[in-house]
file work.pdb (PDB, C-alpha atoms)
MODEL        1
ATOM      1  CA  MET Q 528    -135.447  14.022   3.653
ATOM      2  CA  GLN Q 529    -138.993  13.138   4.683
ATOM      3  CA  GLY Q 530    -141.573  15.491   3.254
ATOM      4  CA  GLU Q 531    -144.814  16.709   4.787
ATOM      5  CA  HIS Q 532    -148.062  17.183   2.980
ATOM      6  CA  SER Q 533    -151.008  19.395   3.743
ATOM      7  CA  SER Q 534    -153.867  17.386   2.290
ATOM      8  CA  GLN Q 535    -157.172  18.603   0.957
ATOM      9  CA  ASN Q 536    -156.996  22.077   2.435
ATOM     10  CA  SER Q 537    -157.751  24.035  -0.732
ATOM     11  CA  PHE Q 538    -161.085  25.559  -1.615
ATOM     12  CA  PHE Q 539    -161.471  22.904  -4.305
ATOM     13  CA  GLY Q 540    -161.165  20.177  -1.712
ATOM     14  CA  MET Q 541    -164.810  20.691  -0.837
ATOM     15  CA  ILE Q 542    -165.851  19.082  -4.117
ATOM     16  CA  TYR Q 543    -164.841  15.693  -2.715
ATOM     17  CA  GLU Q 544    -167.879  15.737  -0.462
ATOM     18  CA  ASP Q 545    -170.161  15.888  -3.483
ATOM     19  CA  LEU Q 546    -168.265  13.764  -5.970
ATOM     20  CA  VAL Q 547    -166.972  10.847  -3.861
ATOM     21  CA  PRO Q 548    -170.045   8.841  -2.779
ATOM     22  CA  ALA Q 549    -170.426   8.091   0.906
ATOM     23  CA  ASP Q 550    -170.832   4.383   0.157
ATOM     24  CA  HIS Q 551    -167.688   4.134  -2.015
ATOM     25  CA  LEU Q 552    -165.307   1.349  -1.049
ATOM     26  CA  LEU Q 553    -162.501   3.827  -0.356
ATOM     27  CA  ARG Q 554    -164.741   5.823   1.992
ATOM     28  CA  LYS Q 555    -165.467   2.637   3.929
ATOM     29  CA  LEU Q 556    -161.794   1.711   4.116
ATOM     30  CA  ALA Q 557    -160.805   5.160   5.349
ATOM     31  CA  ALA Q 558    -163.501   5.010   8.015
ATOM     32  CA  ALA Q 559    -162.535   1.532   9.212
ATOM     33  CA  VAL Q 560    -158.732   1.891   9.345
ATOM     34  CA  ASP Q 561    -156.567   4.704  10.694
ATOM     35  CA  PHE Q 562    -153.430   4.977   8.532
ATOM     36  CA  GLY Q 563    -152.218   8.121  10.273
ATOM     37  CA  PHE Q 564    -149.411   6.311  12.109
ATOM     38  CA  VAL Q 565    -147.495   5.486   8.905
ATOM     39  CA  SER Q 566    -145.430   8.679   8.606
ATOM     40  CA  ASP Q 567    -144.102   8.437  12.170
ATOM     41  CA  LEU Q 568    -143.474   4.707  11.913
ATOM     42  CA  VAL Q 569    -141.241   5.072   8.842
ATOM     43  CA  SER Q 570    -139.588   8.387   9.782
ATOM     44  CA  ASP Q 571    -136.292   6.654  10.612
ATOM     45  CA  CYS Q 572    -136.032   5.612   6.952
ATOM     46  CA  TYR Q 573    -135.423   9.255   6.032
ATOM     47  CA  CYS Q 574    -132.581  11.639   6.787
ATOM     48  CA  PRO Q 575    -134.044  14.416   8.972
ATOM     49  CA  ASP Q 576    -131.962  17.302   7.635
ATOM     50  CA  ASN Q 577    -130.350  16.341   4.350
ATOM     51  CA  GLY Q 578    -131.536  16.053   0.766
ATOM     52  CA  ARG Q 579    -134.577  17.365  -1.031
ATOM     53  CA  PRO Q 580    -137.948  16.909   0.701
ATOM     54  CA  SER Q 581    -139.741  13.829  -0.563
ATOM     55  CA  TRP Q 582    -143.409  13.034  -0.724
ATOM     56  CA  ASP Q 583    -145.128  12.520   2.620
ATOM     57  CA  PRO Q 584    -144.753   8.755   3.319
ATOM     58  CA  LEU Q 585    -148.457   8.565   4.159
ATOM     59  CA  VAL Q 586    -149.376   9.738   0.656
ATOM     60  CA  LEU Q 587    -146.946   7.272  -0.909
ATOM     61  CA  PHE Q 588    -148.218   4.422   1.253
ATOM     62  CA  LYS Q 589    -151.827   5.130   0.354
ATOM     63  CA  VAL Q 590    -150.986   5.129  -3.345
ATOM     64  CA  VAL Q 591    -149.204   1.783  -2.921
ATOM     65  CA  PHE Q 592    -152.284   0.566  -1.035
ATOM     66  CA  LEU Q 593    -154.447   1.524  -4.021
ATOM     67  CA  GLN Q 594    -152.020  -0.293  -6.290
ATOM     68  CA  PHE Q 595    -152.512  -3.584  -4.467
ATOM     69  CA  LEU Q 596    -156.207  -3.049  -3.822
ATOM     70  CA  TYR Q 597    -156.915  -2.777  -7.540
ATOM     71  CA  ASP Q 598    -154.002  -4.929  -8.806
ATOM     72  CA  LEU Q 599    -152.289  -2.175 -10.764
ATOM     73  CA  SER Q 600    -148.727  -1.611 -11.950
ATOM     74  CA  ASP Q 601    -146.721   1.420 -10.814
ATOM     75  CA  ARG Q 602    -147.568   3.297 -13.988
ATOM     76  CA  GLN Q 603    -151.231   2.280 -13.880
ATOM     77  CA  VAL Q 604    -151.747   3.452 -10.314
ATOM     78  CA  GLU Q 605    -149.981   6.736 -11.120
ATOM     79  CA  GLU Q 606    -152.523   7.266 -13.905
ATOM     80  CA  GLN Q 607    -155.518   6.240 -11.795
ATOM     81  CA  VAL Q 608    -154.606   8.570  -8.937
ATOM     82  CA  ASN Q 609    -154.378  11.478 -11.361
ATOM     83  CA  LEU Q 610    -157.607  10.596 -13.202
ATOM     84  CA  HIS Q 611    -159.999   9.493 -10.465
ATOM     85  CA  LEU Q 612    -161.179  11.739  -7.669
ATOM     86  CA  ALA Q 613    -161.958   8.884  -5.291
ATOM     87  CA  CYS Q 614    -158.355   7.654  -5.499
ATOM     88  CA  LYS Q 615    -157.026  11.188  -5.165
ATOM     89  CA  TRP Q 616    -159.201  11.773  -2.109
ATOM     90  CA  PHE Q 617    -158.075   8.506  -0.497
ATOM     91  CA  ALA Q 618    -154.403   9.343  -1.102
ATOM     92  CA  GLY Q 619    -154.827  12.721   0.612
ATOM     93  CA  LEU Q 620    -154.230  14.833  -2.469
ATOM     94  CA  GLN Q 621    -155.990  18.036  -3.418
ATOM     95  CA  PRO Q 622    -158.215  17.803  -6.517
ATOM     96  CA  GLU Q 623    -155.902  19.970  -8.617
ATOM     97  CA  GLU Q 624    -152.732  18.225  -7.373
ATOM     98  CA  ALA Q 625    -150.720  15.646  -9.332
ATOM     99  CA  GLY Q 626    -149.828  12.509  -7.424
ATOM    100  CA  PRO Q 627    -146.419  10.844  -7.072
ATOM    101  CA  ASP Q 628    -144.995   9.251 -10.189
ATOM    102  CA  HIS Q 629    -144.186   5.575 -10.658
ATOM    103  CA  SER Q 630    -140.482   6.007  -9.881
ATOM    104  CA  ALA Q 631    -141.315   7.556  -6.482
ATOM    105  CA  LEU Q 632    -143.392   4.481  -5.620
ATOM    106  CA  CYS Q 633    -140.547   2.150  -6.538
ATOM    107  CA  ARG Q 634    -138.085   4.119  -4.386
ATOM    108  CA  PHE Q 635    -140.567   4.201  -1.514
ATOM    109  CA  ARG Q 636    -140.974   0.412  -1.406
ATOM    110  CA  ALA Q 637    -137.200  -0.069  -1.568
ATOM    111  CA  ARG Q 638    -136.615   2.529   1.161
ATOM    112  CA  LEU Q 639    -139.033   0.880   3.592
ATOM    113  CA  GLY Q 640    -138.155  -2.733   2.802
ATOM    114  CA  PRO Q 641    -140.166  -5.708   4.076
ATOM    115  CA  GLU Q 642    -139.380  -4.837   7.705
ATOM    116  CA  LYS Q 643    -141.367  -1.600   7.669
ATOM    117  CA  PHE Q 644    -144.220  -3.100   5.682
ATOM    118  CA  GLN Q 645    -144.347  -5.859   8.292
ATOM    119  CA  ALA Q 646    -144.522  -3.220  11.019
ATOM    120  CA  ILE Q 647    -147.394  -1.477   9.227
ATOM    121  CA  PHE Q 648    -149.201  -4.812   8.862
ATOM    122  CA  ASN Q 649    -148.731  -5.491  12.589
ATOM    123  CA  GLN Q 650    -149.999  -2.055  13.560
ATOM    124  CA  ILE Q 651    -153.219  -2.534  11.629
ATOM    125  CA  ILE Q 652    -153.752  -5.932  13.246
ATOM    126  CA  GLU Q 653    -153.370  -4.203  16.606
ATOM    127  CA  GLN Q 654    -156.079  -1.740  15.549
ATOM    128  CA  ALA Q 655    -158.349  -4.665  14.704
ATOM    129  CA  ARG Q 656    -157.581  -6.297  18.056
ATOM    130  CA  ALA Q 657    -158.261  -3.054  19.933
ATOM    131  CA  ALA Q 658    -161.606  -2.818  18.135
ATOM    132  CA  GLY Q 659    -162.515  -6.323  19.314
ATOM    133  CA  LEU Q 660    -162.416  -7.831  15.824
ATOM    134  CA  VAL Q 661    -159.832 -10.559  16.561
ATOM    135  CA  HIS Q 662    -161.431 -13.291  18.666
ATOM    136  CA  ASP Q 663    -158.544 -15.778  19.164
ATOM    137  CA  ARG Q 664    -160.819 -18.804  19.574
ATOM    138  CA  LEU Q 665    -159.157 -20.645  16.702
ATOM    139  CA  ARG Q 666    -156.175 -19.917  14.492
ATOM    140  CA  ILE Q 667    -155.997 -21.552  11.030
ATOM    141  CA  ILE Q 668    -152.553 -22.126   9.488
ATOM    142  CA  ASP Q 669    -151.875 -22.908   5.821
ATOM    143  CA  ALA Q 670    -149.690 -22.028   2.847
ATOM    144  CA  THR Q 671    -150.134 -21.480  -0.868
ATOM    145  CA  HIS Q 672    -147.736 -21.180  -3.773
ATOM    146  CA  LEU Q 673    -146.795 -18.033  -5.661
ATOM    147  CA  ALA Q 674    -145.309 -18.477  -9.140
ATOM    148  CA  ALA Q 675    -142.064 -16.626  -9.806
ATOM    149  CA  LYS Q 676    -141.940 -13.890 -12.419
ATOM    150  CA  VAL Q 677    -139.939 -16.199 -14.687
ATOM    151  CA  ASN Q 678    -140.684 -17.964 -17.965
ATOM    152  CA  LEU Q 679    -139.021 -21.337 -17.374
ATOM    153  CA  PHE Q 680    -139.255 -22.309 -21.022
ATOM    154  CA  ARG Q 681    -136.981 -19.444 -22.023
ATOM    155  CA  LEU Q 682    -134.198 -20.388 -19.639
ATOM    156  CA  PRO Q 683    -131.020 -21.983 -21.061
ATOM    157  CA  ALA Q 684    -131.573 -25.244 -19.166
ATOM    158  CA  ALA Q 685    -134.824 -27.146 -18.833
ATOM    159  CA  PRO Q 686    -136.293 -27.213 -15.306
ATOM    160  CA  PRO Q 687    -135.259 -30.320 -13.359
ATOM    161  CA  GLU Q 688    -137.921 -32.918 -12.727
ATOM    162  CA  THR Q 689    -137.171 -33.278  -9.049
ATOM    163  CA  PRO Q 690    -137.600 -30.144  -6.897
ATOM    164  CA  PRO Q 691    -136.301 -28.452  -4.846
ATOM    165  CA  ALA Q 692    -133.607 -27.175  -7.168
ATOM    166  CA  GLU Q 693    -132.669 -23.855  -8.671
ATOM    167  CA  ALA Q 694    -133.577 -23.017 -12.246
ATOM    168  CA  VAL Q 695    -130.326 -22.536 -14.135
ATOM    169  CA  GLY Q 696    -130.132 -19.045 -15.599
ATOM    170  CA  SER Q 697    -133.160 -17.731 -13.695
ATOM    171  CA  PRO Q 698    -133.254 -13.937 -13.201
ATOM    172  CA  ASP Q 699    -134.815 -14.493  -9.767
ATOM    173  CA  PRO Q 700    -132.041 -15.545  -7.362
ATOM    174  CA  ASP Q 701    -134.362 -16.574  -4.516
ATOM    175  CA  ALA Q 702    -137.124 -18.555  -6.250
ATOM    176  CA  ARG Q 703    -137.048 -22.331  -5.838
ATOM    177  CA  PHE Q 704    -138.931 -25.384  -7.032
ATOM    178  CA  GLY Q 705    -141.574 -26.723  -4.679
ATOM    179  CA  ARG Q 706    -144.552 -29.057  -4.848
ATOM    180  CA  LYS Q 707    -148.245 -28.282  -5.028
ATOM    181  CA  SER Q 708    -148.972 -32.003  -4.825
ATOM    182  CA  VAL Q 709    -147.203 -35.316  -5.269
ATOM    183  CA  LYS Q 710    -147.421 -34.981  -9.045
ATOM    184  CA  LYS Q 711    -147.341 -31.201  -9.532
ATOM    185  CA  SER Q 712    -144.442 -28.856  -8.930
ATOM    186  CA  PHE Q 713    -144.084 -25.075  -9.162
ATOM    187  CA  TYR Q 714    -141.263 -22.564  -9.308
ATOM    188  CA  GLY Q 715    -141.440 -19.574  -6.999
ATOM    189  CA  TYR Q 716    -142.381 -18.820  -3.430
ATOM    190  CA  LYS Q 717    -144.776 -19.797  -0.663
ATOM    191  CA  GLU Q 718    -147.107 -17.536   1.260
ATOM    192  CA  HIS Q 719    -147.669 -18.866   4.790
ATOM    193  CA  LEU Q 720    -150.663 -17.452   6.674
ATOM    194  CA  ALA Q 721    -152.395 -17.595  10.019
ATOM    195  CA  THR Q 722    -156.007 -16.419  10.113
ATOM    196  CA  ASP Q 723    -158.431 -15.764  12.932
ATOM    197  CA  ALA Q 724    -161.256 -18.222  12.263
ATOM    198  CA  ASP Q 725    -164.094 -15.991  13.461
ATOM    199  CA  SER Q 726    -163.135 -12.662  11.895
ATOM    200  CA  GLU Q 727    -161.193 -14.217   8.980
ATOM    201  CA  LEU Q 728    -158.502 -11.590   9.485
ATOM    202  CA  ILE Q 729    -154.920 -12.565   8.661
ATOM    203  CA  THR Q 730    -152.967 -12.361  11.913
ATOM    204  CA  ALA Q 731    -149.509 -13.436  10.706
ATOM    205  CA  VAL Q 732    -147.711 -13.900   7.390
ATOM    206  CA  SER Q 733    -144.386 -15.288   6.240
ATOM    207  CA  VAL Q 734    -142.860 -15.696   2.776
ATOM    208  CA  THR Q 735    -140.298 -18.340   1.839
ATOM    209  CA  PRO Q 736    -138.774 -19.849  -1.290
ATOM    210  CA  GLY Q 737    -140.930 -22.627  -2.724
ATOM    211  CA  ASN Q 738    -138.802 -25.467  -1.366
ATOM    212  CA  VAL Q 739    -139.293 -24.675   2.348
ATOM    213  CA  PRO Q 740    -141.551 -27.260   4.061
ATOM    214  CA  ASP Q 741    -144.754 -25.827   5.512
ATOM    215  CA  SER Q 742    -144.090 -27.422   8.905
ATOM    216  CA  GLU Q 743    -140.908 -25.368   9.377
ATOM    217  CA  VAL Q 744    -142.837 -22.077   9.251
ATOM    218  CA  PHE Q 745    -145.486 -23.096  11.784
ATOM    219  CA  GLY Q 746    -143.898 -21.582  14.891
ATOM    220  CA  PRO Q 747    -143.613 -17.954  13.726
ATOM    221  CA  LEU Q 748    -147.258 -17.906  12.625
ATOM    222  CA  VAL Q 749    -148.761 -18.900  15.976
ATOM    223  CA  ASP Q 750    -149.087 -16.100  18.512
ATOM    224  CA  GLN Q 751    -149.739 -16.472  22.223
ATOM    225  CA  HIS Q 752    -153.324 -15.208  21.942
ATOM    226  CA  ALA Q 753    -154.785 -18.211  20.077
ATOM    227  CA  ARG Q 754    -156.502 -20.779  22.275
ATOM    228  CA  GLU Q 755    -156.558 -23.458  19.572
ATOM    229  CA  VAL Q 756    -154.730 -24.045  16.285
ATOM    230  CA  THR Q 757    -155.643 -26.171  13.287
ATOM    231  CA  ALA Q 758    -153.675 -26.997  10.142
ATOM    232  CA  ASP Q 759    -153.419 -29.761   7.540
ATOM    233  CA  LYS Q 760    -151.224 -32.860   7.642
ATOM    234  CA  GLY Q 761    -148.209 -30.975   6.367
ATOM    235  CA  TYR Q 762    -147.862 -29.451   9.839
ATOM    236  CA  ASP Q 763    -148.163 -32.760  11.731
ATOM    237  CA  THR Q 764    -144.793 -32.956  13.490
ATOM    238  CA  ASP Q 765    -143.955 -33.758  17.104
ATOM    239  CA  GLU Q 766    -142.317 -30.362  17.462
ATOM    240  CA  ASN Q 767    -145.414 -28.457  16.354
ATOM    241  CA  HIS Q 768    -147.779 -30.419  18.603
ATOM    242  CA  GLN Q 769    -145.445 -30.024  21.568
ATOM    243  CA  LYS Q 770    -144.972 -26.309  20.927
ATOM    244  CA  LEU Q 771    -148.719 -25.790  21.272
ATOM    245  CA  LYS Q 772    -148.883 -28.029  24.338
ATOM    246  CA  ARG Q 773    -146.149 -26.043  26.097
ATOM    247  CA  ARG Q 774    -148.063 -22.837  25.472
ATOM    248  CA  GLY Q 775    -151.331 -24.286  26.733
ATOM    249  CA  GLN Q 776    -152.888 -24.125  23.268
ATOM    250  CA  ARG Q 777    -155.062 -26.912  21.921
ATOM    251  CA  SER Q 778    -153.659 -28.698  18.870
ATOM    252  CA  SER Q 779    -156.204 -29.583  16.209
ATOM    253  CA  ILE Q 780    -153.606 -30.234  13.523
ATOM    254  CA  ILE Q 781    -154.774 -33.064  11.267
ATOM    255  CA  VAL Q 782    -152.494 -36.045  11.760
ATOM    256  CA  LYS Q 783    -151.044 -38.393   9.179
ATOM    257  CA  LYS Q 784    -152.424 -41.918   8.941
ATOM    258  CA  ASN Q 785    -149.031 -43.456   9.672
ATOM    259  CA  ARG Q 786    -148.495 -41.593  12.949
ATOM    260  CA  THR Q 787    -147.662 -43.988  15.780
ATOM    261  CA  ASN Q 788    -146.826 -41.899  18.855
ATOM    262  CA  ALA Q 789    -150.269 -40.472  19.431
ATOM    263  CA  ASP Q 790    -149.331 -39.319  22.932
ATOM    264  CA  VAL Q 791    -147.883 -36.035  21.598
ATOM    265  CA  ILE Q 792    -151.023 -35.096  19.702
ATOM    266  CA  GLY Q 793    -153.491 -34.183  22.395
ATOM    267  CA  GLN Q 794    -157.266 -34.066  21.932
ATOM    268  CA  ALA Q 795    -158.036 -32.539  18.543
ATOM    269  CA  ASN Q 796    -161.363 -30.879  17.816
ATOM    270  CA  PRO Q 797    -162.903 -32.269  14.577
ATOM    271  CA  LYS Q 798    -165.259 -29.293  14.346
ATOM    272  CA  SER Q 799    -162.318 -26.908  14.334
ATOM    273  CA  GLN Q 800    -160.541 -28.983  11.710
ATOM    274  CA  ARG Q 801    -163.521 -28.556   9.394
ATOM    275  CA  GLU Q 802    -163.123 -24.779   9.567
ATOM    276  CA  ARG Q 803    -159.878 -24.895   7.583
ATOM    277  CA  ALA Q 804    -161.787 -24.076   4.384
ATOM    278  CA  LYS Q 805    -162.019 -20.466   5.547
ATOM    279  CA  ILE Q 806    -158.340 -19.865   4.812
ATOM    280  CA  GLU Q 807    -158.746 -21.289   1.310
ATOM    281  CA  ARG Q 808    -161.245 -18.531   0.594
ATOM    282  CA  LYS Q 809    -158.638 -16.021   1.704
ATOM    283  CA  PHE Q 810    -156.068 -17.435  -0.707
ATOM    284  CA  ALA Q 811    -158.645 -17.386  -3.517
ATOM    285  CA  GLU Q 812    -159.503 -13.739  -2.823
ATOM    286  CA  GLN Q 813    -155.851 -12.723  -2.923
ATOM    287  CA  LYS Q 814    -155.197 -14.498  -6.199
ATOM    288  CA  LYS Q 815    -158.405 -13.590  -8.023
ATOM    289  CA  TYR Q 816    -158.703  -9.919  -7.070
ATOM    290  CA  HIS Q 817    -155.209  -8.813  -6.004
ATOM    291  CA  GLY Q 818    -152.767 -10.495  -8.368
ATOM    292  CA  LEU Q 819    -151.140 -12.875  -5.893
ATOM    293  CA  ALA Q 820    -151.109 -15.861  -8.225
ATOM    294  CA  GLN Q 821    -147.719 -14.654  -9.487
ATOM    295  CA  ALA Q 822    -144.875 -12.583  -8.119
ATOM    296  CA  ARG Q 823    -144.649  -9.006  -9.397
ATOM    297  CA  TYR Q 824    -140.939  -8.781  -8.657
ATOM    298  CA  TRP Q 825    -137.694 -10.752  -8.428
ATOM    299  CA  GLY Q 826    -136.146 -11.563  -5.069
ATOM    300  CA  LEU Q 827    -137.481 -12.637  -1.684
ATOM    301  CA  ARG Q 828    -137.465  -9.151  -0.150
ATOM    302  CA  ARG Q 829    -139.548  -7.614  -2.927
ATOM    303  CA  VAL Q 830    -141.933 -10.565  -3.088
ATOM    304  CA  THR Q 831    -142.360 -10.341   0.688
ATOM    305  CA  ILE Q 832    -143.458  -6.712   0.279
ATOM    306  CA  GLN Q 833    -145.989  -7.829  -2.346
ATOM    307  CA  VAL Q 834    -147.417 -10.487  -0.049
ATOM    308  CA  LEU Q 835    -147.524  -8.186   2.993
ATOM    309  CA  MET Q 836    -149.303  -5.455   1.055
ATOM    310  CA  THR Q 837    -151.799  -7.946  -0.344
ATOM    311  CA  CYS Q 838    -152.516  -9.315   3.138
ATOM    312  CA  LEU Q 839    -152.804  -5.786   4.479
ATOM    313  CA  VAL Q 840    -155.286  -4.803   1.757
ATOM    314  CA  VAL Q 841    -157.366  -7.933   2.319
ATOM    315  CA  ASN Q 842    -157.421  -7.279   6.063
ATOM    316  CA  CYS Q 843    -158.510  -3.671   5.619
ATOM    317  CA  LYS Q 844    -161.327  -4.777   3.326
ATOM    318  CA  ARG Q 845    -162.396  -7.283   5.945
ATOM    319  CA  MET Q 846    -162.273  -4.676   8.706
ATOM    320  CA  ALA Q 847    -164.501  -2.436   6.601
ATOM    321  CA  ARG Q 848    -166.910  -5.320   6.018
ATOM    322  CA  LEU Q 849    -167.035  -6.104   9.706
ATOM    323  CA  ALA Q 850    -167.685  -2.442  10.432
ATOM    324  CA  GLU Q 851    -170.493  -2.429   7.884
ATOM    325  CA  ALA Q 852    -172.899  -5.159   6.901
ATOM    326  CA  ASN Q 853    -171.862  -5.026   3.235
ATOM    327  CA  SER Q 854    -169.271  -7.479   1.929
ATOM    328  CA  GLY Q 855    -167.574  -8.491  -1.310
ATOM    329  CA  PRO Q 856    -164.393  -7.890  -3.279
ATOM    330  CA  PRO Q 857    -163.812  -4.529  -4.979
ATOM    331  CA  GLN Q 858    -165.904  -4.803  -8.123
ATOM    332  CA  GLU Q 859    -165.840  -1.252  -9.494
ATOM    333  CA  LEU Q 860    -163.524  -0.652 -12.436
ATOM    334  CA  LEU Q 861    -161.428   2.436 -12.112
ATOM    335  CA  CYS Q 862    -160.782   2.817 -15.808
ATOM    336  CA  PRO Q 863    -163.024   0.543 -17.940
ATOM    337  CA  GLY Q 864    -161.416  -0.937 -20.996
TER
ENDMDL
END
call {"tool": "encode", "arguments": {"input": "work.pdb", "output": "structure tokens"}}
result
Amino acid sequence: MQGEHSSQNSFFGMIYEDLVPADHLLRKLAAAVDFGFVSDLVSDCYCPDNGRPSWDPLVLFKVVFLQFLYDLSDRQVEEQVNLHLACKWFAGLQPEEAGPDHSALCRFRARLGPEKFQAIFNQIIEQARAAGLVHDRLRIIDATHLAAKVNLFRLPAAPPETPPAEAVGSPDPDARFGRKSVKKSFYGYKEHLATDADSELITAVSVTPGNVPDSEVFGPLVDQHAREVTADKGYDTDENHQKLKRRGQRSSIIVKKNRTNADVIGQANPKSQRERAKIERKFAEQKKYHGLAQARYWGLRRVTIQVLMTCLVVNCKRMARLAEANSGPPQELLCPG
């Protein structure tokens, strides 16, 4: 049964005003993004009149948000929420109140599944759009790899030299071999993104096994709002160019040198093509500050939740930066050492 939570209504709650600085990152995030819709959005994941009351889903979601913001494990974020007033304030807990334990967070993610996390991601993008932050001049499409949580050298069979193939004996049933380049392969998943070039907000995300070609995930990433789309040569297919043409969207996909039927391409914008580096910065931010260089979990559904939460965190940071002049990744250490 879904629980309700009366947050920060004790006398001791007033100490937050003095002890959580106004310029703290979590203050800025709370001011820039309204998470209040979460409990209603996920209410159908709970039985309305059976079972023991659980934690309020909004509290659980905010703790999971902190987990991905600071790249923490379930146990680490449980500890940080109980030790640090800023985290406790952000989660909606009273100063004297213990937060949810690590097992509650695990059950919460499983209960919602990737579908609900996708819905939460979409709702926050709609907030950004309503605030005029998404400009739709140019959409940038790209993908990056995500290593599986698997030590290939400990598997009973050596990894094959030619991907895409499964790793024999792998504990992750959905990970696959893919290529980072002609000479380099990886084992895991791909994160496929679309970003708004002007705001650098992620507007769409998809996660696939590592052997899925980038070009096959192009369609779901492009929404009807974008006036122009750019991507690298991996997306240069007749189908992708024609899809944009049918929608009245300009195709600035970089074409391969051996392309012959140039009539399907349209008039690309070289200036827009040079803006593709912006999405590389987004990938770098996710991997350096939010642990997205490697999967936390096994299985496509769980890895999709990881990617969605990472994208959601990065977007909320960006929304806070756009709302305020300050920018930069979260540098403060919650628990030094």
call {"tool": "atom_distance", "arguments": {"input": "work.pdb", "atom1": "CA of Gln794 in chain Q", "atom2": "CA of Leu771 in chain Q"}}
result
11.9 Å
call {"tool": "resolve_selection", "arguments": {"input": "work.pdb", "expression": "the PyMOL selection byres ((chain Q and resi 663-669) around 7)", "output": "number ranges by chain"}}
result
Q: 661-662, 670, 719-724, 752-758, 803, 806
call {"tool": "write_last_selection", "arguments": {"input": "work.pdb", "atoms": "C-alpha atoms", "output": "PDB file, keeping the file's coordinate frame"}}
result
ATOM      1  CA  VAL Q 661    -159.832 -10.559  16.561  1.00  0.00           C
ATOM      2  CA  HIS Q 662    -161.431 -13.291  18.666  1.00  0.00           C
ATOM      3  CA  ALA Q 670    -149.690 -22.028   2.847  1.00  0.00           C
ATOM      4  CA  HIS Q 719    -147.669 -18.866   4.790  1.00  0.00           C
ATOM      5  CA  LEU Q 720    -150.663 -17.452   6.674  1.00  0.00           C
ATOM      6  CA  ALA Q 721    -152.395 -17.595  10.019  1.00  0.00           C
ATOM      7  CA  THR Q 722    -156.007 -16.419  10.113  1.00  0.00           C
ATOM      8  CA  ASP Q 723    -158.431 -15.764  12.932  1.00  0.00           C
ATOM      9  CA  ALA Q 724    -161.256 -18.222  12.263  1.00  0.00           C
ATOM     10  CA  HIS Q 752    -153.324 -15.208  21.942  1.00  0.00           C
ATOM     11  CA  ALA Q 753    -154.785 -18.211  20.077  1.00  0.00           C
ATOM     12  CA  ARG Q 754    -156.502 -20.779  22.275  1.00  0.00           C
ATOM     13  CA  GLU Q 755    -156.558 -23.458  19.572  1.00  0.00           C
ATOM     14  CA  VAL Q 756    -154.730 -24.045  16.285  1.00  0.00           C
ATOM     15  CA  THR Q 757    -155.643 -26.171  13.287  1.00  0.00           C
ATOM     16  CA  ALA Q 758    -153.675 -26.997  10.142  1.00  0.00           C
ATOM     17  CA  ARG Q 803    -159.878 -24.895   7.583  1.00  0.00           C
ATOM     18  CA  ILE Q 806    -158.340 -19.865   4.812  1.00  0.00           C
TER      19      ILE Q 806
END
call {"tool": "residues_around", "arguments": {"input": "work.pdb", "residues": "range 590-603 of chain Q", "least_positions_apart": "5", "cutoff": "8 Å", "atoms": "all atoms listed in the file", "output": "PyMOL selection string"}}
result
chain Q and resi 608+614+618+628-630+632-633+816-818+836-837+840-841+857
call {"tool": "write_last_selection", "arguments": {"input": "work.pdb", "atoms": "C-alpha atoms", "output": "compact mmCIF listing (two decimals), in the coordinates of the input"}}
result
# COMPACT_ATOMS: atom_id res chain seq x y z
CA VAL Q 608 -154.61 8.57 -8.94
CA CYS Q 614 -158.35 7.65 -5.50
CA ALA Q 618 -154.40 9.34 -1.10
CA ASP Q 628 -145.00 9.25 -10.19
CA HIS Q 629 -144.19 5.58 -10.66
CA SER Q 630 -140.48 6.01 -9.88
CA LEU Q 632 -143.39 4.48 -5.62
CA CYS Q 633 -140.55 2.15 -6.54
CA TYR Q 816 -158.70 -9.92 -7.07
CA HIS Q 817 -155.21 -8.81 -6.00
CA GLY Q 818 -152.77 -10.50 -8.37
CA MET Q 836 -149.30 -5.46 1.06
CA THR Q 837 -151.80 -7.95 -0.34
CA VAL Q 840 -155.29 -4.80 1.76
CA VAL Q 841 -157.37 -7.93 2.32
CA PRO Q 857 -163.81 -4.53 -4.98
call {"tool": "atom_distance", "arguments": {"input": "work.pdb", "atom1": "CA of Asp571 in chain Q", "atom2": "CA of Arg828 in chain Q"}}
result
19.2 Å
call {"tool": "resolve_selection", "arguments": {"input": "work.pdb", "expression": "the PyMOL selection byres ((chain Q and resi 741) around 7)", "output": "VMD selection string"}}
result
chain Q and resid 670 739 to 740 742 to 745 761 to 762
call {"tool": "write_last_selection", "arguments": {"input": "work.pdb", "atoms": "C-alpha atoms", "output": "JSON list (two decimals), in the coordinates of the input"}}
result
[["chain", "number", "residue", "atom", "x", "y", "z"],
["Q", 670, "ALA", "CA", -149.69, -22.03, 2.85],
["Q", 739, "VAL", "CA", -139.29, -24.68, 2.35],
["Q", 740, "PRO", "CA", -141.55, -27.26, 4.06],
["Q", 742, "SER", "CA", -144.09, -27.42, 8.90],
["Q", 743, "GLU", "CA", -140.91, -25.37, 9.38],
["Q", 744, "VAL", "CA", -142.84, -22.08, 9.25],
["Q", 745, "PHE", "CA", -145.49, -23.10, 11.78],
["Q", 761, "GLY", "CA", -148.21, -30.98, 6.37],
["Q", 762, "TYR", "CA", -147.86, -29.45, 9.84]]
call {"tool": "resolve_selection", "arguments": {"input": "work.pdb", "expression": "the PyMOL selection byres ((chain Q and resi 641) around 10)", "output": "MDAnalysis selection string"}}
result
chainID Q and resid 636:640 642:647 827:836
call {"tool": "residues_near_point", "arguments": {"input": "work.pdb", "point": "(-141.1, -8.8, -9.8)", "cutoff": "10 Å", "atoms": "all atoms listed in the file", "output": "ChimeraX atom specification"}}
result
/Q:675-677,698-699,821-827,829-830,833
